[in-house]
There are 2 protein chains.
Amino acid sequence: MTATVEYKINREKLEKAAYILRTVAHPTRLAIVDLLNLNARLSVNEIGEILKVEQSLLSHHLTTMKLKGLLRSEKEGQSVFYSLKEKDIPKLLECIEHCDCNM
Amino acid sequence: MTATVEYKINREKLEKAAYILRTVAHPTRLAIVDLLNLNARLSVNEIGEILKVEQSLLSHHLTTMKLKGLLRSEKEGQSVFYSLKEKDIPKLLECIEHCDCNM
DNA sequence: TGTTAATATGAACACTTATTCATACATTTG
DNA sequence: CAAATGTATGAATAAGTGTTCATATTAACA
């Protein structure tokens with residue numbers, strides 16, 4: 001037993017963190033986060049036009065992100081508006097932008 | 001064309017960010033980051049003992065993380081010591097810890 | 001009410017990633 | 001030098017994700 005070594009985070013927290021990171025670890029989903037960080041709420045249509053993502057695929061992404069607690073949605077007429085539920089998530093983008101990893 | 005809508009990050013940056021996030025979006029790899037944040041350098045053996053991860057699997061994880069620019073390694077005798085190359089990465093853990101997502 | 005527009009859903013398939021196992025390689029030690 | 005220790009590698013397979021396509025659902029509108 002290496003007594004001097006610290007180990008802070010427990011299994012459960014790690015699982016949760018990995019779960020959230022996985023949800024966000026996709027170019028399109030990152031773009032959605034970025035977009036909803038700058039624009040309080042947007043319809044599926046608007047997001048699709050801006051990001052040039054096909055309707056069904058986008059819907060799948062949004063559904064996933066909502067399911068995992070990153071987004072909320074409100075229906076208005078025939079449109080559905082999505083917004084960021086988790087305000088901390090955009091910070092991930094900042095961290096990443098500063099960092100200087102290979103590739 | 002929705003003129004009022006901003007869209008900040010370009011495709012290339014998104015790909016890179018997603019790439020880094022994917023690298024880190026795994027419980028064991030997060031644990032490694034956390035561990036190496038608290039302990040400047042550790043051997044494969046030490047990491048394996050602390051995290052209770054099988055040798056080969058751990059080696060695969062470490063190799064991936066090194067390849068993707070998150071870790072560096074130095075061989076000393078029969079041991080190989082890994083350390084964090086990317087100091088910003090642990091910040092991701094902080095962000096995540098504050099956030100309050102489902103599940 | 002029939003048509004169009006906005007969004008969601010589910011199944012199928014393609015891709016990627018994780019894990020295991022056997023084995024290789026290098027270094028130390030008896 | 002033979003055995004033991006620490007680490008890496010590669011192939012095989014398992015498990016998880018992304019994408020597409022066809023179709024469903026709901027609301028608006030002529």
# chains A, B, ... in the order shown; residues from 1 in each chain; ligands from 1
>>> interface_residues(of="chain B", to="chain C", cutoff="8 Å", atoms="only C-alpha atoms (C1' of nucleotides)", output="ChimeraX atom specification")
/B:57,77-78
>>> write_last_selection(atoms="N, CA and C atoms", output="PDB file, in the first residue's frame")
ATOM      1  N   LEU B  57      -4.684  -3.696 -19.515  1.00  0.00           N
ATOM      2  CA  LEU B  57      -5.717  -2.695 -19.767  1.00  0.00           C
ATOM      3  C   LEU B  57      -5.203  -1.310 -19.412  1.00  0.00           C
ATOM      4  N   GLY B  77      14.831   2.455 -15.247  1.00  0.00           N
ATOM      5  CA  GLY B  77      15.008   1.045 -14.910  1.00  0.00           C
ATOM      6  C   GLY B  77      13.906   0.249 -15.562  1.00  0.00           C
ATOM      7  N   GLN B  78      13.274  -0.586 -14.786  1.00  0.00           N
ATOM      8  CA  GLN B  78      12.190  -1.366 -15.392  1.00  0.00           C
ATOM      9  C   GLN B  78      10.836  -0.660 -15.288  1.00  0.00           C
TER      10      GLN B  78
END
>>> select_by_dssp(residues="stretch 16-66 of chain B", states="alpha helix (DSSP H)", output="PyMOL selection string")
chain B and resi 16-24+27-38+44-51+55-66
>>> write_last_selection(atoms="N, CA and C atoms", output="tab-separated table (two decimals), in the first residue's frame")
chain	number	residue	atom	x	y	z
B	16	LYS	N	-11.25	18.90	-32.53
B	16	LYS	CA	-10.13	18.75	-31.59
B	16	LYS	C	-10.65	18.64	-30.15
B	17	ALA	N	-11.57	19.52	-29.82
B	17	ALA	CA	-12.12	19.50	-28.47
B	17	ALA	C	-12.81	18.17	-28.19
B	18	ALA	N	-13.58	17.71	-29.15
B	18	ALA	CA	-14.29	16.44	-28.98
B	18	ALA	C	-13.29	15.29	-28.81
B	19	TYR	N	-12.24	15.38	-29.56
B	19	TYR	CA	-11.18	14.36	-29.52
B	19	TYR	C	-10.57	14.27	-28.12
B	20	ILE	N	-10.26	15.43	-27.56
B	20	ILE	CA	-9.69	15.46	-26.22
B	20	ILE	C	-10.70	14.98	-25.18
B	21	LEU	N	-11.92	15.44	-25.33
B	21	LEU	CA	-12.94	15.04	-24.37
B	21	LEU	C	-13.19	13.53	-24.41
B	22	ARG	N	-13.20	12.97	-25.61
B	22	ARG	CA	-13.39	11.52	-25.73
B	22	ARG	C	-12.26	10.78	-25.02
B	23	THR	N	-11.06	11.31	-25.16
B	23	THR	CA	-9.90	10.66	-24.54
B	23	THR	C	-10.06	10.58	-23.03
B	24	VAL	N	-10.73	11.54	-22.49
B	24	VAL	CA	-10.81	11.68	-21.05
B	24	VAL	C	-12.14	11.14	-20.51
B	27	PRO	N	-14.13	6.45	-16.93
B	27	PRO	CA	-13.87	6.48	-15.50
B	27	PRO	C	-12.40	6.23	-15.14
B	28	THR	N	-11.83	5.22	-15.72
B	28	THR	CA	-10.45	4.89	-15.39
B	28	THR	C	-9.50	6.01	-15.82
B	29	ARG	N	-9.75	6.54	-17.00
B	29	ARG	CA	-8.85	7.59	-17.48
B	29	ARG	C	-9.03	8.88	-16.68
B	30	LEU	N	-10.24	9.15	-16.27
B	30	LEU	CA	-10.45	10.29	-15.38
B	30	LEU	C	-9.72	10.09	-14.06
B	31	ALA	N	-9.78	8.88	-13.56
B	31	ALA	CA	-9.09	8.57	-12.31
B	31	ALA	C	-7.60	8.78	-12.47
B	32	ILE	N	-7.07	8.40	-13.61
B	32	ILE	CA	-5.65	8.59	-13.88
B	32	ILE	C	-5.30	10.07	-13.87
B	33	VAL	N	-6.13	10.87	-14.52
B	33	VAL	CA	-5.91	12.32	-14.54
B	33	VAL	C	-5.91	12.87	-13.12
B	34	ASP	N	-6.90	12.47	-12.36
B	34	ASP	CA	-7.03	12.95	-10.99
B	34	ASP	C	-5.81	12.57	-10.17
B	35	LEU	N	-5.42	11.35	-10.31
B	35	LEU	CA	-4.28	10.81	-9.57
B	35	LEU	C	-3.00	11.55	-9.92
B	36	LEU	N	-2.80	11.79	-11.19
B	36	LEU	CA	-1.57	12.45	-11.64
B	36	LEU	C	-1.63	13.95	-11.41
B	37	ASN	N	-2.80	14.43	-11.10
B	37	ASN	CA	-2.90	15.83	-10.71
B	37	ASN	C	-2.42	16.00	-9.28
B	38	LEU	N	-2.69	14.99	-8.47
B	38	LEU	CA	-2.29	15.04	-7.07
B	38	LEU	C	-0.87	14.54	-6.83
B	44	VAL	N	3.48	2.87	-13.70
B	44	VAL	CA	2.34	2.07	-14.13
B	44	VAL	C	1.88	1.17	-12.99
B	45	ASN	N	2.85	0.56	-12.35
B	45	ASN	CA	2.57	-0.31	-11.23
B	45	ASN	C	1.79	0.38	-10.11
B	46	GLU	N	2.26	1.54	-9.73
B	46	GLU	CA	1.61	2.29	-8.65
B	46	GLU	C	0.18	2.63	-9.04
B	47	ILE	N	0.01	3.14	-10.24
B	47	ILE	CA	-1.33	3.48	-10.72
B	47	ILE	C	-2.24	2.25	-10.69
B	48	GLY	N	-1.71	1.17	-11.18
B	48	GLY	CA	-2.47	-0.08	-11.22
B	48	GLY	C	-2.91	-0.54	-9.85
B	49	GLU	N	-2.01	-0.43	-8.89
B	49	GLU	CA	-2.34	-0.86	-7.53
B	49	GLU	C	-3.42	0.03	-6.91
B	50	ILE	N	-3.25	1.32	-7.10
B	50	ILE	CA	-4.19	2.25	-6.50
B	50	ILE	C	-5.58	2.12	-7.13
B	51	LEU	N	-5.60	2.06	-8.43
B	51	LEU	CA	-6.90	2.03	-9.12
B	51	LEU	C	-7.44	0.62	-9.31
B	55	GLN	N	-3.06	-4.91	-15.48
B	55	GLN	CA	-1.85	-4.40	-16.12
B	55	GLN	C	-2.03	-4.01	-17.58
B	56	SER	N	-2.48	-4.94	-18.36
B	56	SER	CA	-2.55	-4.72	-19.80
B	56	SER	C	-3.55	-3.62	-20.16
B	57	LEU	N	-4.68	-3.70	-19.52
B	57	LEU	CA	-5.72	-2.70	-19.77
B	57	LEU	C	-5.20	-1.31	-19.41
B	58	LEU	N	-4.56	-1.21	-18.27
B	58	LEU	CA	-3.99	0.07	-17.85
B	58	LEU	C	-2.97	0.58	-18.86
B	59	SER	N	-2.14	-0.30	-19.30
B	59	SER	CA	-1.13	0.07	-20.28
B	59	SER	C	-1.78	0.62	-21.55
B	60	HIS	N	-2.83	-0.03	-21.98
B	60	HIS	CA	-3.56	0.47	-23.16
B	60	HIS	C	-4.07	1.90	-22.90
B	61	HIS	N	-4.68	2.10	-21.76
B	61	HIS	CA	-5.20	3.43	-21.44
B	61	HIS	C	-4.08	4.48	-21.43
B	62	LEU	N	-2.99	4.13	-20.78
B	62	LEU	CA	-1.89	5.08	-20.66
B	62	LEU	C	-1.29	5.41	-22.04
B	63	THR	N	-1.15	4.38	-22.84
B	63	THR	CA	-0.61	4.58	-24.18
B	63	THR	C	-1.49	5.53	-24.99
B	64	THR	N	-2.79	5.29	-24.93
B	64	THR	CA	-3.74	6.16	-25.62
B	64	THR	C	-3.61	7.60	-25.15
B	65	MET	N	-3.60	7.77	-23.84
B	65	MET	CA	-3.56	9.12	-23.28
B	65	MET	C	-2.26	9.83	-23.63
B	66	LYS	N	-1.19	9.08	-23.72
B	66	LYS	CA	0.09	9.66	-24.11
B	66	LYS	C	0.05	10.06	-25.59
>>> closest_atom_pairs(of="chain D", to="chain B", cutoff="12 Å", atoms="only C-alpha atoms (C1' of nucleotides)", output="Markdown table")
| residue | atom | partner | partner_atom | distance |
| --- | --- | --- | --- | --- |
| D:DA4 | C1' | B:Gln78 | CA | 11.8 |
| D:DT5 | C1' | B:Gln78 | CA | 7.8 |
| D:DG6 | C1' | B:Gln78 | CA | 5.5 |
| D:DT7 | C1' | B:Ser79 | CA | 7.3 |
| D:DA8 | C1' | B:Ser59 | CA | 7.0 |
| D:DT9 | C1' | B:His60 | CA | 9.0 |
| D:DG10 | C1' | B:His60 | CA | 11.2 |
| D:DT17 | C1' | B:Arg22 | CA | 11.9 |
>>> closest_residue(among="A:Glu15, A:Glu74, A:Glu94, A:Glu54", to="chain B", atoms="only C-alpha atoms")
A:Glu15
>>> calpha_fit_and_write(fixed="chain B", moving="chain A", output="short mmCIF file (atom, residue, chain, number, x, y, z; two decimals) with N, CA and C atoms, in the first residue's frame")
data_model
loop_
_atom_site.label_atom_id
_atom_site.label_comp_id
_atom_site.auth_asym_id
_atom_site.auth_seq_id
_atom_site.Cartn_x
_atom_site.Cartn_y
_atom_site.Cartn_z
N MET A 1 -31.34 32.92 -43.49
CA MET A 1 -30.15 33.13 -42.62
C MET A 1 -30.54 33.92 -41.36
N THR A 2 -30.40 33.33 -40.22
CA THR A 2 -30.80 33.99 -38.98
C THR A 2 -29.68 34.92 -38.53
N ALA A 3 -29.83 36.17 -38.87
CA ALA A 3 -28.73 37.12 -38.74
C ALA A 3 -28.31 37.38 -37.31
N THR A 4 -29.25 37.27 -36.39
CA THR A 4 -28.95 37.62 -34.99
C THR A 4 -28.17 36.54 -34.26
N VAL A 5 -28.09 35.39 -34.88
CA VAL A 5 -27.51 34.25 -34.19
C VAL A 5 -25.99 34.18 -34.36
N GLU A 6 -25.31 34.05 -33.27
CA GLU A 6 -23.86 33.93 -33.32
C GLU A 6 -23.44 32.47 -33.35
N TYR A 7 -22.34 32.21 -33.98
CA TYR A 7 -21.78 30.87 -33.95
C TYR A 7 -20.27 30.94 -33.95
N LYS A 8 -19.70 30.67 -32.80
CA LYS A 8 -18.32 31.02 -32.52
C LYS A 8 -17.27 30.03 -33.03
N ILE A 9 -17.43 28.79 -32.67
CA ILE A 9 -16.36 27.83 -32.85
C ILE A 9 -16.40 27.14 -34.21
N ASN A 10 -15.24 26.99 -34.82
CA ASN A 10 -15.22 26.35 -36.13
C ASN A 10 -15.07 24.84 -36.05
N ARG A 11 -15.32 24.23 -37.16
CA ARG A 11 -15.34 22.77 -37.27
C ARG A 11 -14.08 22.10 -36.70
N GLU A 12 -12.96 22.68 -37.05
CA GLU A 12 -11.68 22.08 -36.66
C GLU A 12 -11.49 22.08 -35.15
N LYS A 13 -11.80 23.22 -34.54
CA LYS A 13 -11.70 23.33 -33.09
C LYS A 13 -12.64 22.34 -32.40
N LEU A 14 -13.82 22.21 -32.97
CA LEU A 14 -14.80 21.29 -32.39
C LEU A 14 -14.31 19.86 -32.43
N GLU A 15 -13.75 19.49 -33.55
CA GLU A 15 -13.21 18.14 -33.70
C GLU A 15 -12.13 17.89 -32.65
N LYS A 16 -11.27 18.87 -32.50
CA LYS A 16 -10.17 18.71 -31.56
C LYS A 16 -10.68 18.61 -30.12
N ALA A 17 -11.60 19.48 -29.79
CA ALA A 17 -12.15 19.46 -28.44
C ALA A 17 -12.85 18.14 -28.16
N ALA A 18 -13.61 17.67 -29.12
CA ALA A 18 -14.33 16.40 -28.95
C ALA A 18 -13.33 15.26 -28.77
N TYR A 19 -12.27 15.34 -29.52
CA TYR A 19 -11.21 14.33 -29.48
C TYR A 19 -10.60 14.23 -28.08
N ILE A 20 -10.30 15.38 -27.52
CA ILE A 20 -9.72 15.42 -26.17
C ILE A 20 -10.73 14.95 -25.13
N LEU A 21 -11.94 15.42 -25.27
CA LEU A 21 -12.98 15.02 -24.32
C LEU A 21 -13.21 13.52 -24.35
N ARG A 22 -13.23 12.96 -25.54
CA ARG A 22 -13.42 11.52 -25.67
C ARG A 22 -12.30 10.76 -24.96
N THR A 23 -11.09 11.29 -25.11
CA THR A 23 -9.94 10.64 -24.48
C THR A 23 -10.10 10.55 -22.98
N VAL A 24 -10.76 11.53 -22.43
CA VAL A 24 -10.85 11.66 -20.98
C VAL A 24 -12.18 11.11 -20.45
N ALA A 25 -13.11 10.86 -21.34
CA ALA A 25 -14.47 10.49 -20.93
C ALA A 25 -14.58 9.01 -20.59
N HIS A 26 -13.82 8.60 -19.60
CA HIS A 26 -13.83 7.20 -19.17
C HIS A 26 -13.41 7.18 -17.70
N PRO A 27 -14.14 6.43 -16.88
CA PRO A 27 -13.88 6.47 -15.44
C PRO A 27 -12.42 6.21 -15.09
N THR A 28 -11.84 5.21 -15.67
CA THR A 28 -10.45 4.88 -15.35
C THR A 28 -9.51 5.99 -15.78
N ARG A 29 -9.75 6.52 -16.97
CA ARG A 29 -8.86 7.58 -17.46
C ARG A 29 -9.04 8.86 -16.65
N LEU A 30 -10.25 9.13 -16.23
CA LEU A 30 -10.47 10.27 -15.35
C LEU A 30 -9.72 10.07 -14.04
N ALA A 31 -9.78 8.87 -13.53
CA ALA A 31 -9.09 8.57 -12.28
C ALA A 31 -7.59 8.78 -12.44
N ILE A 32 -7.07 8.39 -13.58
CA ILE A 32 -5.65 8.58 -13.86
C ILE A 32 -5.31 10.07 -13.86
N VAL A 33 -6.14 10.86 -14.50
CA VAL A 33 -5.92 12.31 -14.51
C VAL A 33 -5.92 12.85 -13.10
N ASP A 34 -6.91 12.46 -12.34
CA ASP A 34 -7.04 12.94 -10.97
C ASP A 34 -5.80 12.57 -10.15
N LEU A 35 -5.41 11.34 -10.30
CA LEU A 35 -4.27 10.81 -9.57
C LEU A 35 -2.99 11.55 -9.91
N LEU A 36 -2.80 11.78 -11.21
CA LEU A 36 -1.58 12.46 -11.65
C LEU A 36 -1.64 13.96 -11.42
N ASN A 37 -2.79 14.43 -11.09
CA ASN A 37 -2.91 15.82 -10.70
C ASN A 37 -2.41 15.99 -9.27
N LEU A 38 -2.67 15.00 -8.46
CA LEU A 38 -2.27 15.05 -7.05
C LEU A 38 -0.85 14.55 -6.83
N ASN A 39 -0.37 13.71 -7.75
CA ASN A 39 0.97 13.14 -7.61
C ASN A 39 1.73 13.36 -8.90
N ALA A 40 2.73 14.18 -8.85
CA ALA A 40 3.42 14.65 -10.04
C ALA A 40 3.76 13.53 -11.02
N ARG A 41 4.23 12.40 -10.50
CA ARG A 41 4.48 11.28 -11.39
C ARG A 41 4.32 9.96 -10.66
N LEU A 42 3.87 8.97 -11.41
CA LEU A 42 3.64 7.65 -10.84
C LEU A 42 3.99 6.60 -11.87
N SER A 43 4.46 5.46 -11.38
CA SER A 43 4.74 4.36 -12.29
C SER A 43 3.45 3.63 -12.65
N VAL A 44 3.51 2.89 -13.72
CA VAL A 44 2.36 2.09 -14.15
C VAL A 44 1.91 1.19 -13.01
N ASN A 45 2.88 0.60 -12.36
CA ASN A 45 2.61 -0.29 -11.24
C ASN A 45 1.84 0.40 -10.13
N GLU A 46 2.33 1.55 -9.74
CA GLU A 46 1.67 2.31 -8.68
C GLU A 46 0.23 2.64 -9.05
N ILE A 47 0.07 3.15 -10.26
CA ILE A 47 -1.29 3.49 -10.72
C ILE A 47 -2.19 2.27 -10.69
N GLY A 48 -1.66 1.17 -11.19
CA GLY A 48 -2.43 -0.07 -11.23
C GLY A 48 -2.86 -0.53 -9.85
N GLU A 49 -1.95 -0.43 -8.89
CA GLU A 49 -2.28 -0.86 -7.53
C GLU A 49 -3.35 0.02 -6.90
N ILE A 50 -3.18 1.31 -7.10
CA ILE A 50 -4.13 2.25 -6.48
C ILE A 50 -5.51 2.12 -7.11
N LEU A 51 -5.53 2.06 -8.42
CA LEU A 51 -6.83 2.02 -9.10
C LEU A 51 -7.38 0.61 -9.27
N LYS A 52 -6.58 -0.37 -8.94
CA LYS A 52 -7.00 -1.76 -9.13
C LYS A 52 -7.44 -2.03 -10.57
N VAL A 53 -6.51 -1.72 -11.48
CA VAL A 53 -6.78 -1.99 -12.88
C VAL A 53 -5.74 -2.97 -13.38
N GLU A 54 -6.18 -3.89 -14.17
CA GLU A 54 -5.30 -4.94 -14.68
C GLU A 54 -4.20 -4.36 -15.57
N GLN A 55 -3.03 -4.92 -15.48
CA GLN A 55 -1.82 -4.41 -16.12
C GLN A 55 -2.01 -4.02 -17.59
N SER A 56 -2.49 -4.95 -18.37
CA SER A 56 -2.56 -4.72 -19.80
C SER A 56 -3.57 -3.62 -20.15
N LEU A 57 -4.69 -3.69 -19.49
CA LEU A 57 -5.73 -2.70 -19.73
C LEU A 57 -5.22 -1.30 -19.38
N LEU A 58 -4.56 -1.21 -18.25
CA LEU A 58 -4.00 0.07 -17.83
C LEU A 58 -2.99 0.58 -18.84
N SER A 59 -2.15 -0.31 -19.29
CA SER A 59 -1.15 0.07 -20.28
C SER A 59 -1.80 0.63 -21.54
N HIS A 60 -2.86 -0.03 -21.97
CA HIS A 60 -3.59 0.47 -23.14
C HIS A 60 -4.10 1.90 -22.89
N HIS A 61 -4.71 2.09 -21.73
CA HIS A 61 -5.24 3.42 -21.41
C HIS A 61 -4.13 4.47 -21.42
N LEU A 62 -3.02 4.13 -20.77
CA LEU A 62 -1.92 5.09 -20.67
C LEU A 62 -1.34 5.41 -22.03
N THR A 63 -1.18 4.39 -22.84
CA THR A 63 -0.66 4.58 -24.19
C THR A 63 -1.55 5.53 -24.98
N THR A 64 -2.84 5.28 -24.92
CA THR A 64 -3.81 6.15 -25.60
C THR A 64 -3.67 7.59 -25.13
N MET A 65 -3.64 7.76 -23.82
CA MET A 65 -3.61 9.12 -23.26
C MET A 65 -2.31 9.83 -23.62
N LYS A 66 -1.25 9.07 -23.71
CA LYS A 66 0.02 9.67 -24.11
C LYS A 66 -0.02 10.06 -25.59
N LEU A 67 -0.50 9.12 -26.37
CA LEU A 67 -0.63 9.35 -27.81
C LEU A 67 -1.42 10.61 -28.12
N LYS A 68 -2.45 10.84 -27.32
CA LYS A 68 -3.34 11.97 -27.59
C LYS A 68 -2.88 13.24 -26.89
N GLY A 69 -1.70 13.18 -26.29
CA GLY A 69 -1.08 14.40 -25.78
C GLY A 69 -1.45 14.79 -24.37
N LEU A 70 -2.09 13.89 -23.64
CA LEU A 70 -2.50 14.23 -22.29
C LEU A 70 -1.42 13.90 -21.26
N LEU A 71 -0.64 12.87 -21.55
CA LEU A 71 0.38 12.43 -20.61
C LEU A 71 1.75 12.43 -21.27
N ARG A 72 2.76 12.44 -20.44
CA ARG A 72 4.12 12.16 -20.91
C ARG A 72 4.63 10.99 -20.10
N SER A 73 5.68 10.35 -20.58
CA SER A 73 6.24 9.23 -19.83
C SER A 73 7.76 9.25 -19.88
N GLU A 74 8.37 8.75 -18.80
CA GLU A 74 9.82 8.61 -18.79
C GLU A 74 10.16 7.25 -18.21
N LYS A 75 11.02 6.58 -18.90
CA LYS A 75 11.42 5.25 -18.47
C LYS A 75 12.58 5.38 -17.50
N GLU A 76 12.53 4.61 -16.40
CA GLU A 76 13.62 4.59 -15.44
C GLU A 76 13.80 3.17 -14.96
N GLY A 77 14.89 2.55 -15.38
CA GLY A 77 15.05 1.14 -15.05
C GLY A 77 13.94 0.35 -15.70
N GLN A 78 13.33 -0.50 -14.92
CA GLN A 78 12.25 -1.28 -15.52
C GLN A 78 10.90 -0.60 -15.38
N SER A 79 10.89 0.51 -14.68
CA SER A 79 9.62 1.22 -14.50
C SER A 79 9.42 2.32 -15.54
N VAL A 80 8.17 2.64 -15.80
CA VAL A 80 7.85 3.80 -16.62
C VAL A 80 6.97 4.72 -15.78
N PHE A 81 7.40 5.96 -15.69
CA PHE A 81 6.65 6.94 -14.91
C PHE A 81 5.85 7.84 -15.83
N TYR A 82 4.58 7.97 -15.52
CA TYR A 82 3.71 8.84 -16.29
C TYR A 82 3.41 10.10 -15.50
N SER A 83 3.23 11.21 -16.23
CA SER A 83 2.81 12.45 -15.58
C SER A 83 1.92 13.23 -16.53
N LEU A 84 1.21 14.19 -15.97
CA LEU A 84 0.30 15.01 -16.78
C LEU A 84 1.09 15.96 -17.65
N LYS A 85 0.82 15.92 -18.91
CA LYS A 85 1.43 16.88 -19.82
C LYS A 85 0.52 18.10 -19.92
N GLU A 86 -0.75 17.83 -19.93
CA GLU A 86 -1.74 18.88 -20.12
C GLU A 86 -2.33 19.31 -18.78
N LYS A 87 -1.85 20.41 -18.25
CA LYS A 87 -2.27 20.84 -16.91
C LYS A 87 -3.73 21.29 -16.86
N ASP A 88 -4.28 21.64 -18.00
CA ASP A 88 -5.65 22.14 -18.01
C ASP A 88 -6.69 21.04 -17.83
N ILE A 89 -6.30 19.83 -18.16
CA ILE A 89 -7.28 18.74 -18.13
C ILE A 89 -7.96 18.54 -16.77
N PRO A 90 -7.19 18.60 -15.68
CA PRO A 90 -7.87 18.41 -14.38
C PRO A 90 -8.99 19.42 -14.13
N LYS A 91 -8.90 20.56 -14.78
CA LYS A 91 -9.97 21.55 -14.61
C LYS A 91 -11.32 21.01 -15.07
N LEU A 92 -11.26 20.14 -16.05
CA LEU A 92 -12.50 19.52 -16.53
C LEU A 92 -13.21 18.82 -15.38
N LEU A 93 -12.42 18.14 -14.56
CA LEU A 93 -12.99 17.44 -13.42
C LEU A 93 -13.69 18.40 -12.47
N GLU A 94 -13.06 19.53 -12.23
CA GLU A 94 -13.68 20.54 -11.37
C GLU A 94 -15.02 21.00 -11.93
N CYS A 95 -15.01 21.38 -13.20
CA CYS A 95 -16.25 21.81 -13.85
C CYS A 95 -17.35 20.78 -13.63
N ILE A 96 -17.00 19.55 -13.95
CA ILE A 96 -17.97 18.47 -13.86
C ILE A 96 -18.48 18.28 -12.43
N GLU A 97 -17.57 18.42 -11.47
CA GLU A 97 -17.98 18.20 -10.09
C GLU A 97 -19.02 19.21 -9.63
N HIS A 98 -18.91 20.44 -10.16
CA HIS A 98 -19.88 21.47 -9.77
C HIS A 98 -21.24 21.24 -10.40
N CYS A 99 -21.23 20.58 -11.53
CA CYS A 99 -22.46 20.57 -12.29
C CYS A 99 -23.40 19.50 -11.78
N ASP A 100 -24.66 19.69 -12.10
CA ASP A 100 -25.73 19.03 -11.36
C ASP A 100 -26.64 18.25 -12.30
N CYS A 101 -26.03 17.60 -13.28
CA CYS A 101 -26.82 16.90 -14.29
C CYS A 101 -27.54 15.67 -13.74
N ASN A 102 -28.53 15.28 -14.46
CA ASN A 102 -29.26 14.04 -14.12
C ASN A 102 -28.35 12.83 -14.08
N MET A 103 -28.80 11.85 -13.32
CA MET A 103 -28.17 10.51 -13.27
C MET A 103 -26.77 10.56 -12.70
#
>>> select_by_dssp(residues="chain A", states="strand (DSSP E)", output="PyMOL selection string")
chain A and resi 42-43+71-76+79-84
